[in-house]
>>> print(open('model-v5.txt').read())   # compact mmCIF, C-alpha atoms (C1' of nucleotides)
# COMPACT_ATOMS: atom_id res chain seq x y z
CA MET A 1 21.85 -148.38 154.99
CA ALA A 2 19.79 -146.70 157.63
CA VAL A 3 20.89 -143.39 156.17
CA LEU A 4 19.98 -144.44 152.69
CA ASN A 5 16.56 -145.47 153.80
CA GLU A 6 16.03 -142.26 155.70
CA MET A 7 16.89 -140.28 152.60
CA HIS A 8 14.24 -142.10 150.66
CA SER A 9 11.63 -141.67 153.35
CA GLU A 10 12.22 -137.97 153.38
CA ARG A 11 12.01 -137.80 149.63
CA ILE A 12 8.84 -139.84 149.56
CA ALA A 13 7.18 -137.63 152.15
CA GLU A 14 8.15 -134.55 150.21
CA LEU A 15 6.97 -135.94 146.91
CA LEU A 16 3.62 -136.88 148.33
CA ASP A 17 3.35 -133.42 149.77
CA ARG A 18 4.10 -131.82 146.44
CA ILE A 19 1.76 -134.08 144.52
CA GLY A 20 -0.89 -133.05 146.99
CA ARG A 21 -0.22 -129.40 146.36
CA ALA A 22 -0.01 -129.83 142.60
CA THR A 23 -3.40 -131.50 142.49
CA HIS A 24 -4.96 -129.08 144.93
CA CYS A 25 -5.75 -126.50 142.30
CA LEU A 26 -7.32 -129.15 140.08
CA GLN A 27 -9.82 -129.90 142.81
CA PHE A 28 -11.69 -126.68 142.18
CA ALA A 29 -12.65 -127.47 138.61
CA ASP A 30 -16.24 -127.03 137.43
CA GLY A 31 -17.14 -124.75 140.30
CA LEU A 32 -16.96 -127.55 142.83
CA ASN A 33 -14.72 -127.71 145.87
CA PRO A 34 -12.59 -130.64 147.03
CA ALA A 35 -15.19 -131.97 149.44
CA GLN A 36 -17.82 -131.93 146.71
CA TRP A 37 -15.60 -133.81 144.28
CA GLU A 38 -14.83 -136.40 146.90
CA THR A 39 -18.52 -136.77 147.57
CA LEU A 40 -19.30 -137.42 143.93
CA ARG A 41 -16.51 -140.00 143.73
CA TYR A 42 -17.71 -141.64 146.89
CA LEU A 43 -21.33 -141.87 145.81
CA ALA A 44 -20.26 -143.44 142.54
CA ARG A 45 -18.44 -146.18 144.38
CA ALA A 46 -20.53 -146.79 147.50
CA ASN A 47 -23.04 -149.61 147.78
CA ARG A 48 -26.66 -149.05 148.67
CA TYR A 49 -26.04 -149.22 152.42
CA SER A 50 -23.56 -146.43 152.19
CA ARG A 51 -25.04 -143.68 150.09
CA THR A 52 -26.37 -141.69 153.03
CA PRO A 53 -25.34 -138.44 154.69
CA THR A 54 -24.07 -140.17 157.82
CA ALA A 55 -21.94 -142.66 155.91
CA LEU A 56 -20.60 -139.83 153.81
CA ALA A 57 -19.66 -137.95 156.96
CA ASP A 58 -17.78 -141.00 158.21
CA TYR A 59 -15.99 -141.38 154.93
CA LEU A 60 -14.93 -137.77 154.67
CA GLY A 61 -14.02 -137.65 158.33
CA THR A 62 -16.36 -134.74 158.96
CA THR A 63 -19.64 -134.19 160.80
CA LYS A 64 -23.17 -135.03 159.76
CA GLY A 65 -24.03 -131.37 159.57
CA THR A 66 -21.20 -130.59 157.18
CA ALA A 67 -21.92 -133.64 155.05
CA SER A 68 -25.51 -132.53 154.84
CA GLN A 69 -24.44 -129.11 153.63
CA THR A 70 -22.17 -130.60 151.00
CA ALA A 71 -24.99 -132.80 149.80
CA ARG A 72 -27.32 -129.83 149.65
CA ALA A 73 -24.83 -127.86 147.57
CA LEU A 74 -24.49 -130.72 145.12
CA GLU A 75 -28.24 -131.11 144.94
CA SER A 76 -28.73 -127.45 144.13
CA LYS A 77 -26.28 -127.89 141.28
CA GLY A 78 -28.26 -130.84 140.04
CA TYR A 79 -25.49 -133.42 140.47
CA ILE A 80 -27.20 -135.58 143.05
CA GLN A 81 -30.70 -136.01 144.33
CA ARG A 82 -32.19 -136.94 147.65
CA VAL A 83 -34.49 -139.92 147.66
CA LYS A 84 -36.58 -140.51 150.74
CA ARG A 85 -36.38 -144.07 151.88
CA THR A 86 -39.61 -145.92 152.60
CA CYS A 87 -38.43 -148.45 155.16
CA ASP A 88 -37.04 -145.88 157.57
CA LYS A 89 -38.70 -142.56 156.97
CA ARG A 90 -35.88 -140.65 158.64
CA SER A 91 -33.39 -141.92 156.16
CA VAL A 92 -32.33 -140.50 152.82
CA TRP A 93 -30.50 -141.88 149.85
CA LEU A 94 -28.06 -139.74 147.97
CA GLU A 95 -28.02 -140.70 144.33
CA LEU A 96 -25.98 -139.34 141.46
CA THR A 97 -28.09 -137.86 138.70
CA GLU A 98 -27.38 -138.18 135.02
CA THR A 99 -25.62 -134.83 135.14
CA GLY A 100 -23.69 -136.01 138.15
CA HIS A 101 -22.28 -138.94 136.23
CA THR A 102 -21.43 -136.67 133.35
CA VAL A 103 -19.48 -134.24 135.46
CA LEU A 104 -17.74 -137.09 137.24
CA ALA A 105 -16.41 -138.24 133.90
CA ARG A 106 -14.52 -134.94 133.86
CA ASP A 107 -13.07 -135.58 137.31
CA PRO A 108 -9.89 -133.50 137.52
CA MET A 109 -8.20 -136.29 139.43
CA GLY A 110 -8.29 -138.15 136.15
CA ARG A 111 -5.14 -136.19 135.40
CA LEU A 112 -3.44 -138.18 138.08
CA GLU A 113 -4.55 -141.34 136.37
CA THR A 114 -3.28 -140.33 132.99
CA ALA A 115 0.01 -139.29 134.57
CA ALA A 116 0.19 -142.68 136.23
CA SER A 117 -0.64 -144.54 133.04
CA ALA A 118 2.38 -142.93 131.42
CA LEU A 119 4.62 -144.99 133.68
CA PRO A 120 6.07 -148.27 132.44
CA PRO A 121 3.52 -150.98 133.31
CA ASP A 122 5.55 -153.07 135.72
CA PHE A 123 6.72 -149.91 137.36
CA GLY A 124 3.13 -148.90 137.94
CA GLU A 125 2.51 -152.13 139.75
CA LEU A 126 5.43 -151.56 142.08
CA LEU A 127 4.32 -148.02 142.71
CA ALA A 128 0.81 -149.12 143.56
CA ASP A 129 2.09 -151.78 145.94
CA GLY A 130 4.42 -149.34 147.61
CA LEU A 131 1.71 -146.79 148.14
CA SER A 132 -0.62 -149.45 149.37
CA SER A 133 1.68 -150.61 152.13
CA LEU A 134 2.48 -147.02 152.94
CA LEU A 135 -1.20 -146.38 153.47
CA ARG A 136 -1.53 -149.47 155.59
CA GLY A 137 1.24 -148.26 157.82
CA LEU A 138 -0.37 -144.88 158.03
CA LYS A 139 -3.85 -146.00 158.84
CA SER A 140 -2.89 -147.57 162.10
CA ASP A 141 -1.64 -144.18 163.20
CA CYS A 142 -4.33 -141.66 162.49
CA GLY A 143 -7.82 -142.85 163.24
CA GLY A 144 -10.07 -142.79 160.24
CA ARG A 145 -12.63 -145.50 159.82
CA GLU A 146 -11.75 -148.25 157.40
CA PHE A 147 -13.82 -148.45 154.29
CA GLY A 148 -13.66 -151.58 152.20
CA VAL A 149 -15.68 -153.57 149.73
CA CYS A 150 -18.01 -156.43 150.64
CA GLU A 151 -15.76 -158.93 148.91
CA GLN A 152 -13.21 -158.59 151.68
CA CYS A 153 -15.63 -157.95 154.49
CA GLY A 154 -15.89 -160.03 157.63
CA HIS A 155 -19.66 -159.89 157.41
CA LEU A 156 -19.76 -161.58 154.04
CA ASP A 157 -21.45 -164.97 154.22
CA PRO A 158 -20.80 -166.90 151.03
CA SER A 159 -23.66 -169.36 151.36
CA GLY A 160 -23.57 -171.75 148.43
CA ASP A 161 -21.89 -170.37 145.37
CA GLY A 162 -22.82 -167.56 143.07
CA GLU A 163 -24.96 -165.91 145.71
CA ALA A 164 -23.53 -164.18 148.74
CA ARG A 165 -25.27 -162.52 151.65
CA CYS A 166 -24.35 -159.80 154.05
CA GLY A 167 -24.22 -161.45 157.45
CA LEU A 168 -25.30 -158.21 159.05
CA THR A 169 -28.42 -157.35 157.12
CA GLY A 170 -29.11 -160.78 155.67
CA ASP A 171 -29.57 -159.22 152.24
CA ALA A 172 -28.43 -160.98 149.13
CA LEU A 173 -25.65 -159.05 147.47
CA ALA A 174 -25.70 -158.47 143.77
CA SER A 175 -22.25 -158.86 142.26
CA GLU A 176 -22.32 -155.15 141.59
CA ASP A 177 -22.79 -154.42 145.26
CA ARG A 178 -19.97 -156.68 146.32
CA THR A 179 -17.30 -154.61 144.67
CA ARG A 180 -18.47 -151.35 146.19
CA ILE A 181 -17.53 -149.49 149.29
CA CYS A 182 -19.57 -150.25 152.38
CA VAL A 183 -19.87 -148.36 155.66
CA GLU A 184 -20.34 -151.54 157.57
CA PHE A 185 -17.06 -152.98 156.39
CA ARG A 186 -15.11 -154.92 158.97
CA ALA A 187 -11.72 -156.39 158.22
CA VAL A 188 -11.75 -160.16 158.21
CA PRO A 189 -10.49 -161.43 161.59
CA PRO A 190 -6.87 -162.63 161.30
CA GLY A 191 -7.58 -166.30 161.89
CA ALA A 192 -10.39 -166.71 159.34
CA MET B 1 -1.51 -155.05 128.88
CA ALA B 2 -3.27 -151.79 128.30
CA VAL B 3 -5.97 -153.01 130.63
CA LEU B 4 -3.48 -154.03 133.25
CA ASN B 5 -1.85 -150.66 133.13
CA GLU B 6 -5.18 -148.90 133.41
CA MET B 7 -6.00 -150.91 136.50
CA HIS B 8 -2.81 -149.76 138.13
CA SER B 9 -3.35 -146.14 137.20
CA GLU B 10 -6.75 -146.20 138.76
CA ARG B 11 -5.40 -147.83 141.87
CA ILE B 12 -2.55 -145.37 142.12
CA ALA B 13 -4.90 -142.41 141.80
CA GLU B 14 -7.15 -143.84 144.47
CA LEU B 15 -4.28 -144.60 146.82
CA LEU B 16 -2.90 -141.11 146.50
CA ASP B 17 -6.36 -139.77 147.18
CA ARG B 18 -6.71 -141.86 150.29
CA ILE B 19 -3.25 -141.03 151.55
CA GLY B 20 -4.21 -137.42 151.12
CA ARG B 21 -7.33 -137.87 153.16
CA ALA B 22 -5.58 -139.92 155.81
CA THR B 23 -2.97 -137.25 156.34
CA HIS B 24 -5.47 -134.42 156.17
CA CYS B 25 -6.48 -134.71 159.80
CA LEU B 26 -2.83 -134.77 160.85
CA GLN B 27 -2.34 -131.39 159.27
CA PHE B 28 -4.30 -129.68 162.02
CA ALA B 29 -2.01 -130.71 164.84
CA ASP B 30 -0.76 -128.17 167.36
CA GLY B 31 -3.47 -125.68 166.51
CA LEU B 32 -2.02 -124.93 163.09
CA ASN B 33 -3.71 -125.39 159.76
CA PRO B 34 -2.30 -127.02 156.62
CA ALA B 35 -1.12 -123.76 155.08
CA GLN B 36 0.69 -122.85 158.27
CA TRP B 37 2.47 -126.20 158.45
CA GLU B 38 3.52 -125.89 154.85
CA THR B 39 4.84 -122.45 155.58
CA LEU B 40 6.97 -123.68 158.46
CA ARG B 41 8.34 -126.50 156.33
CA TYR B 42 9.06 -124.14 153.50
CA LEU B 43 10.86 -121.60 155.65
CA ALA B 44 13.03 -124.33 157.08
CA ARG B 45 14.15 -125.36 153.62
CA ALA B 46 14.27 -122.12 151.66
CA ASN B 47 17.48 -120.21 151.06
CA ARG B 48 17.93 -116.59 152.01
CA TYR B 49 16.53 -115.27 148.74
CA SER B 50 13.33 -117.13 149.30
CA ARG B 51 12.19 -116.55 152.84
CA THR B 52 9.84 -113.67 151.99
CA PRO B 53 6.07 -113.30 151.79
CA THR B 54 6.03 -113.07 148.01
CA ALA B 55 8.15 -116.16 147.52
CA LEU B 56 5.97 -117.98 150.01
CA ALA B 57 2.89 -116.98 148.04
CA ASP B 58 4.47 -118.37 144.89
CA TYR B 59 5.38 -121.59 146.61
CA LEU B 60 1.95 -122.15 148.11
CA GLY B 61 0.23 -121.11 144.91
CA THR B 62 -1.73 -118.43 146.69
CA THR B 63 -1.76 -114.64 146.76
CA LYS B 64 0.58 -112.28 148.54
CA GLY B 65 -2.25 -111.10 150.74
CA THR B 66 -3.06 -114.59 151.90
CA ALA B 67 0.58 -115.45 152.45
CA SER B 68 0.92 -112.31 154.53
CA GLN B 69 -2.01 -113.36 156.69
CA THR B 70 -0.56 -116.81 157.18
CA ALA B 71 2.75 -115.28 158.20
CA ARG B 72 0.99 -112.99 160.62
CA ALA B 73 -0.83 -115.91 162.21
CA LEU B 74 2.44 -117.77 162.68
CA GLU B 75 4.11 -114.70 164.07
CA SER B 76 1.38 -114.18 166.65
CA LYS B 77 1.95 -117.76 167.75
CA GLY B 78 5.63 -117.07 168.09
CA TYR B 79 6.79 -119.56 165.47
CA ILE B 80 8.34 -117.10 163.06
CA GLN B 81 9.45 -113.53 163.19
CA ARG B 82 9.59 -110.71 160.69
CA VAL B 83 12.94 -109.13 160.17
CA LYS B 84 13.08 -105.89 158.25
CA ARG B 85 15.69 -105.98 155.58
CA THR B 86 18.15 -103.14 155.40
CA CYS B 87 19.09 -103.24 151.74
CA ASP B 88 15.53 -102.94 150.48
CA LYS B 89 13.36 -101.31 153.08
CA ARG B 90 10.15 -102.64 151.55
CA SER B 91 11.27 -106.17 152.03
CA VAL B 92 10.90 -108.51 154.97
CA TRP B 93 12.53 -111.75 155.96
CA LEU B 94 10.50 -114.46 157.53
CA GLU B 95 12.63 -116.43 159.97
CA LEU B 96 11.77 -119.41 162.09
CA THR B 97 12.15 -118.78 165.79
CA GLU B 98 13.52 -121.24 168.28
CA THR B 99 9.96 -122.27 169.10
CA GLY B 100 9.28 -122.60 165.39
CA HIS B 101 12.06 -125.12 164.97
CA THR B 102 10.83 -126.99 168.01
CA VAL B 103 7.29 -127.31 166.74
CA LEU B 104 8.57 -128.28 163.31
CA ALA B 105 10.32 -131.22 164.90
CA ARG B 106 6.84 -132.44 165.76
CA ASP B 107 5.68 -132.06 162.17
CA PRO B 108 2.73 -134.41 161.73
CA MET B 109 3.93 -135.26 158.23
CA GLY B 110 6.78 -137.01 159.98
CA ARG B 111 4.31 -139.85 160.33
CA LEU B 112 4.46 -140.23 156.60
CA GLU B 113 8.20 -140.48 156.80
CA THR B 114 8.18 -143.12 159.47
CA ALA B 115 5.60 -145.05 157.49
CA ALA B 116 7.84 -144.79 154.44
CA SER B 117 10.91 -145.87 156.35
CA ALA B 118 9.12 -149.07 157.25
CA LEU B 119 9.31 -150.12 153.62
CA PRO B 120 12.12 -152.37 152.43
CA PRO B 121 15.01 -150.07 151.41
CA ASP B 122 15.22 -150.88 147.72
CA PHE B 123 11.48 -150.69 147.54
CA GLY B 124 11.56 -147.20 148.94
CA GLU B 125 13.89 -146.15 146.19
CA LEU B 126 11.56 -147.45 143.51
CA LEU B 127 8.62 -145.79 145.17
CA ALA B 128 10.41 -142.47 145.30
CA ASP B 129 11.40 -142.71 141.66
CA GLY B 130 7.87 -143.60 140.64
CA LEU B 131 6.38 -140.70 142.51
CA SER B 132 8.98 -138.42 141.12
CA SER B 133 8.18 -139.17 137.51
CA LEU B 134 4.50 -139.04 138.33
CA LEU B 135 4.99 -135.54 139.64
CA ARG B 136 6.98 -134.57 136.57
CA GLY B 137 4.15 -135.70 134.37
CA LEU B 138 1.69 -133.81 136.48
CA LYS B 139 3.53 -130.57 136.65
CA SER B 140 3.37 -129.98 132.94
CA ASP B 141 -0.40 -130.10 133.27
CA CYS B 142 -1.33 -127.82 136.09
CA GLY B 143 0.71 -124.65 136.23
CA GLY B 144 2.62 -124.19 139.45
CA ARG B 145 6.02 -122.60 139.48
CA GLU B 146 8.99 -124.89 139.74
CA PHE B 147 11.01 -124.72 142.89
CA GLY B 148 14.41 -126.31 143.01
CA VAL B 149 17.72 -126.07 144.80
CA CYS B 150 20.69 -124.02 143.62
CA GLU B 151 22.70 -127.16 142.93
CA GLN B 152 20.55 -127.89 139.91
CA CYS B 153 19.84 -124.32 138.94
CA GLY B 154 20.60 -122.82 135.56
CA HIS B 155 21.86 -119.68 137.27
CA LEU B 156 24.57 -121.52 139.16
CA ASP B 157 28.00 -120.43 138.07
CA PRO B 158 30.64 -122.85 139.40
CA SER B 159 33.64 -120.58 139.11
CA GLY B 160 36.73 -122.45 140.21
CA ASP B 161 36.00 -125.25 142.65
CA GLY B 162 34.71 -125.18 146.17
CA GLU B 163 33.10 -121.80 145.67
CA ALA B 164 30.02 -121.26 143.56
CA ARG B 165 28.13 -118.13 142.72
CA CYS B 166 24.60 -117.34 141.77
CA GLY B 167 24.75 -115.97 138.26
CA LEU B 168 21.74 -113.82 138.94
CA THR B 169 22.75 -112.00 142.08
CA GLY B 170 26.49 -112.57 141.84
CA ASP B 171 26.53 -113.69 145.47
CA ALA B 172 28.77 -116.45 146.65
CA LEU B 173 26.73 -119.40 147.82
CA ALA B 174 27.56 -121.14 151.04
CA SER B 175 27.24 -124.89 150.70
CA GLU B 176 24.30 -124.69 153.02
CA ASP B 177 22.50 -122.35 150.66
CA ARG B 178 23.13 -124.52 147.67
CA THR B 179 20.99 -127.36 148.95
CA ARG B 180 18.03 -125.14 149.74
CA ILE B 181 14.96 -124.17 147.81
CA CYS B 182 15.22 -120.97 145.79
CA VAL B 183 12.50 -118.85 144.22
CA GLU B 184 14.76 -117.92 141.37
CA PHE B 185 15.32 -121.52 140.37
CA ARG B 186 15.43 -122.17 136.64
CA ALA B 187 15.79 -125.62 135.20
CA VAL B 188 19.09 -126.12 133.42
CA PRO B 189 18.55 -125.69 129.68
CA PRO B 190 18.49 -129.12 127.94
CA GLY B 191 21.74 -128.70 126.03
CA ALA B 192 23.93 -127.63 128.96
C1' DC C 1 16.85 -84.29 140.04
C1' DA C 2 11.82 -85.02 139.34
C1' DA C 3 7.98 -87.84 137.59
C1' DG C 4 5.93 -91.99 136.72
C1' DG C 5 5.82 -96.68 136.98
C1' DA C 6 7.02 -101.08 139.17
C1' DT C 7 7.43 -103.85 143.34
C1' DG C 8 7.00 -105.70 148.29
C1' DA C 9 4.00 -105.84 151.81
C1' DT C 10 -0.23 -105.06 154.38
C1' DA C 11 -5.20 -103.99 155.42
C1' DT C 12 -9.93 -104.49 154.37
C1' DC C 13 -13.93 -106.68 152.70
C1' DG C 14 -16.98 -110.28 151.19
C1' DA C 15 -17.75 -115.09 149.97
C1' DC C 16 -17.34 -119.37 151.57
C1' DT C 17 -16.40 -123.55 154.46
C1' DC C 18 -16.54 -126.00 158.42
C1' DG C 19 -17.69 -127.73 163.18
C1' DA C 20 -20.59 -127.38 167.28
C1' DA C 21 -24.87 -127.28 169.14
C1' DA C 22 -29.76 -127.07 168.94
C1' DC C 23 -33.49 -129.11 166.92
C1' DC C 24 -37.04 -132.16 164.56
C1' DA C 25 -39.02 -136.41 163.10
C1' DG C 26 -39.12 -141.14 163.22
C1' DT C 27 -37.71 -145.57 165.59
C1' DT C 28 -36.67 -148.64 169.25
C1' DT C 29 -36.68 -150.01 174.02
C1' DG C 30 -38.50 -150.64 178.50
C1' DC D 1 -47.08 -145.04 176.29
C1' DA D 2 -42.90 -142.69 177.78
C1' DA D 3 -37.97 -142.41 177.38
C1' DA D 4 -33.97 -142.97 174.97
C1' DC D 5 -31.88 -143.19 170.66
C1' DT D 6 -30.83 -142.28 165.76
C1' DG D 7 -30.72 -140.02 161.06
C1' DG D 8 -30.93 -135.67 159.23
C1' DT D 9 -31.22 -130.66 158.97
C1' DT D 10 -30.66 -125.89 160.50
C1' DT D 11 -28.38 -122.17 162.59
C1' DC D 12 -24.57 -119.68 164.23
C1' DG D 13 -19.89 -118.22 164.88
C1' DA D 14 -15.04 -118.77 163.89
C1' DG D 15 -11.79 -118.90 160.57
C1' DT D 16 -9.73 -119.01 155.80
C1' DC D 17 -9.05 -117.36 151.40
C1' DG D 18 -8.93 -114.29 147.23
C1' DA D 19 -9.65 -109.76 145.23
C1' DT D 20 -8.92 -105.09 145.70
C1' DA D 21 -7.10 -100.94 147.49
C1' DT D 22 -3.46 -98.70 149.76
C1' DC D 23 1.19 -97.44 151.40
C1' DA D 24 6.10 -97.22 151.22
C1' DT D 25 10.07 -97.88 148.67
C1' DC D 26 12.83 -98.62 144.68
C1' DC D 27 13.96 -97.97 139.80
C1' DT D 28 13.88 -95.98 135.28
C1' DT D 29 13.61 -92.37 132.16
C1' DG D 30 13.71 -87.94 130.60
>>> encode(input="model-v5.txt", output="structure tokens")
Amino acid sequence: MAVLNEMHSERIAELLDRIGRATHCLQFADGLNPAQWETLRYLARANRYSRTPTALADYLGTTKGTASQTARALESKGYIQRVKRTCDKRSVWLELTETGHTVLARDPMGRLETAASALPPDFGELLADGLSSLLRGLKSDCGGREFGVCEQCGHLDPSGDGEARCGLTGDALASEDRTRICVEFRAVPPGA
Amino acid sequence: MAVLNEMHSERIAELLDRIGRATHCLQFADGLNPAQWETLRYLARANRYSRTPTALADYLGTTKGTASQTARALESKGYIQRVKRTCDKRSVWLELTETGHTVLARDPMGRLETAASALPPDFGELLADGLSSLLRGLKSDCGGREFGVCEQCGHLDPSGDGEARCGLTGDALASEDRTRICVEFRAVPPGA
DNA sequence: CAAGGATGATATCGACTCGAAACCAGTTTG
DNA sequence: CAAACTGGTTTCGAGTCGATATCATCCTTG
């Protein structure tokens, strides 16, 4: 039994490795590099608190300087634009442009999705669950800040119904914001 | 149903992405870079026909020049060594050293394995199968040479029993060789 | 056997990426 | 108001990678 399980673990690790390598080449489509693709994906899914160079750096696990460079590259290609914030004049918002959304629709990782959608439906569910718990197990190991959506955030303060607020900033959260990635995400404490 | 399946595909793609990012940092352990780790892993699992710079380049999907540089870096760290071949004096064998095997035992991707082994056994099997067919679907898309083991190779010529030969080179294959990766691997033709 | 082409490997060069550190401007704290 | 802090950018050096050129060896063909 232990042996059987070990065999599978090994196979799983290898498969993930190979999937990673197989998709690696895809990540250079459209003259972008992997970091730039990840940035576009991130910006499309991050809420308004999180579309900044620093948050991006956290997400990518890199430095502010590097994130800034990546953003600059994407800006020069016309895929994002920098918007100076008024409240804090140091701060900058990174926003996808029209062109940015267009190119994101051609995201090469979409191939992965179409490959996944070819699986039998119930199988896909199992696969997703398996990967999910694999990731959970992994995250405790290597550092890497947790990024989650407001819906599952410990800061969320569901005052009344229909309207929810972020307990940290006090802002009301549009439903659109609640399903997006937030830098400030904290896992809900176990006993809550 | 279609919607349900689409949800899972999206989730699967995202999870794979995040697993990739989570393991990315691990790949720099021990002063090596991802390509160097992959090289060590490959050399440990490749048969004697396949432990050469050119085969390595094929496997990694890179150029011979780059593969040569990677090998040189690993050699200078003492993890592999170049052995001049006698039969063909142009050719070189890349062999793991004692130290190379030692460092490979600390392979950071082992974390992935331990995370996978934490899954319920039957679950692990399903996960492996799912990933496997995902990879199959993917491989038809992006190029990438197929690498397989002699056991499932179209060149394998099981003359008599116990002893098998490679139909390409005519060499007898030790059982150890038969379970290793080979550059010359060809999928068995469908009707065989 | 000689000539020409193919093949395995390496060296060199330039483009590019990334991280570290210095730096600037704006904000908060005391 | 000064000091400390924070968000962001710039600069610089190390390192990687791919393309190209080169060298040695092998193979094929006449």
>>> atom_distance(input="model-v5.txt", atom1="atom CA of B:Thr86", atom2="atom CA of B:Leu56")
19.9 Å
>>> interface_residues(input="model-v5.txt", of="chain C", to="chain B", cutoff="10 Å", atoms="only C-alpha atoms (C1' of nucleotides)", output="NGL selection string")
:C and (7-11)
>>> atom_distance(input="model-v5.txt", atom1="atom CA of A:Leu131", atom2="atom CA of B:Thr62")
28.6 Å
>>> closest_atom_pairs(input="model-v5.txt", of="chain D", to="chain B", cutoff="7 Å", atoms="all atoms listed in the file", output="Markdown table")
| residue | atom | partner | partner_atom | distance |
| --- | --- | --- | --- | --- |
| D:DC17 | C1' | B:Thr66 | CA | 6.6 |
| D:DA24 | C1' | B:Arg90 | CA | 6.8 |
| D:DT25 | C1' | B:Arg90 | CA | 5.6 |
>>> residues_around(input="model-v5.txt", residues="B:Ile19", least_positions_apart="5", cutoff="9 Å", atoms="only C-alpha atoms (C1' of nucleotides)", output="list in words")
Leu16, Leu131, Leu134, Leu135, Leu138 and Lys139 of chain A; Glu14 and His24 of chain B
>>> write_last_selection(input="model-v5.txt", atoms="C-alpha atoms", output="PDB file, in the coordinates of the input")
ATOM      1  CA  LEU A  16       3.620-136.880 148.330  1.00  0.00           C
ATOM      2  CA  LEU A 131       1.710-146.790 148.140  1.00  0.00           C
ATOM      3  CA  LEU A 134       2.480-147.020 152.940  1.00  0.00           C
ATOM      4  CA  LEU A 135      -1.200-146.380 153.470  1.00  0.00           C
ATOM      5  CA  LEU A 138      -0.370-144.880 158.030  1.00  0.00           C
ATOM      6  CA  LYS A 139      -3.850-146.000 158.840  1.00  0.00           C
TER       7      LYS A 139
ATOM      8  CA  GLU B  14      -7.150-143.840 144.470  1.00  0.00           C
ATOM      9  CA  HIS B  24      -5.470-134.420 156.170  1.00  0.00           C
TER      10      HIS B  24
END
>>> residues_near_point(input="model-v5.txt", point="(-7.1, -139.2, 142.6)", cutoff="7 Å", atoms="all atoms listed in the file", output="PDB file with C-alpha atoms, in the frame of the given file")
ATOM      1  CA  MET A 109      -8.200-136.290 139.430  1.00  0.00           C
ATOM      2  CA  GLY A 110      -8.290-138.150 136.150  1.00  0.00           C
ATOM      3  CA  LEU A 112      -3.440-138.180 138.080  1.00  0.00           C
TER       4      LEU A 112
ATOM      5  CA  ALA B  13      -4.900-142.410 141.800  1.00  0.00           C
ATOM      6  CA  GLU B  14      -7.150-143.840 144.470  1.00  0.00           C
ATOM      7  CA  LEU B  16      -2.900-141.110 146.500  1.00  0.00           C
ATOM      8  CA  ASP B  17      -6.360-139.770 147.180  1.00  0.00           C
TER       9      ASP B  17
END
>>> closest_residue(input="model-v5.txt", among="A:Cys87, A:Arg165, A:Arg51, A:Pro34", to="C:DG26", atoms="all atoms listed in the file")
A:Cys87
>>> closest_residue(input="model-v5.txt", among="A:Arg85, A:Arg136, A:Arg178, A:Arg106", to="chain B", atoms="only C-alpha atoms")
A:Arg136
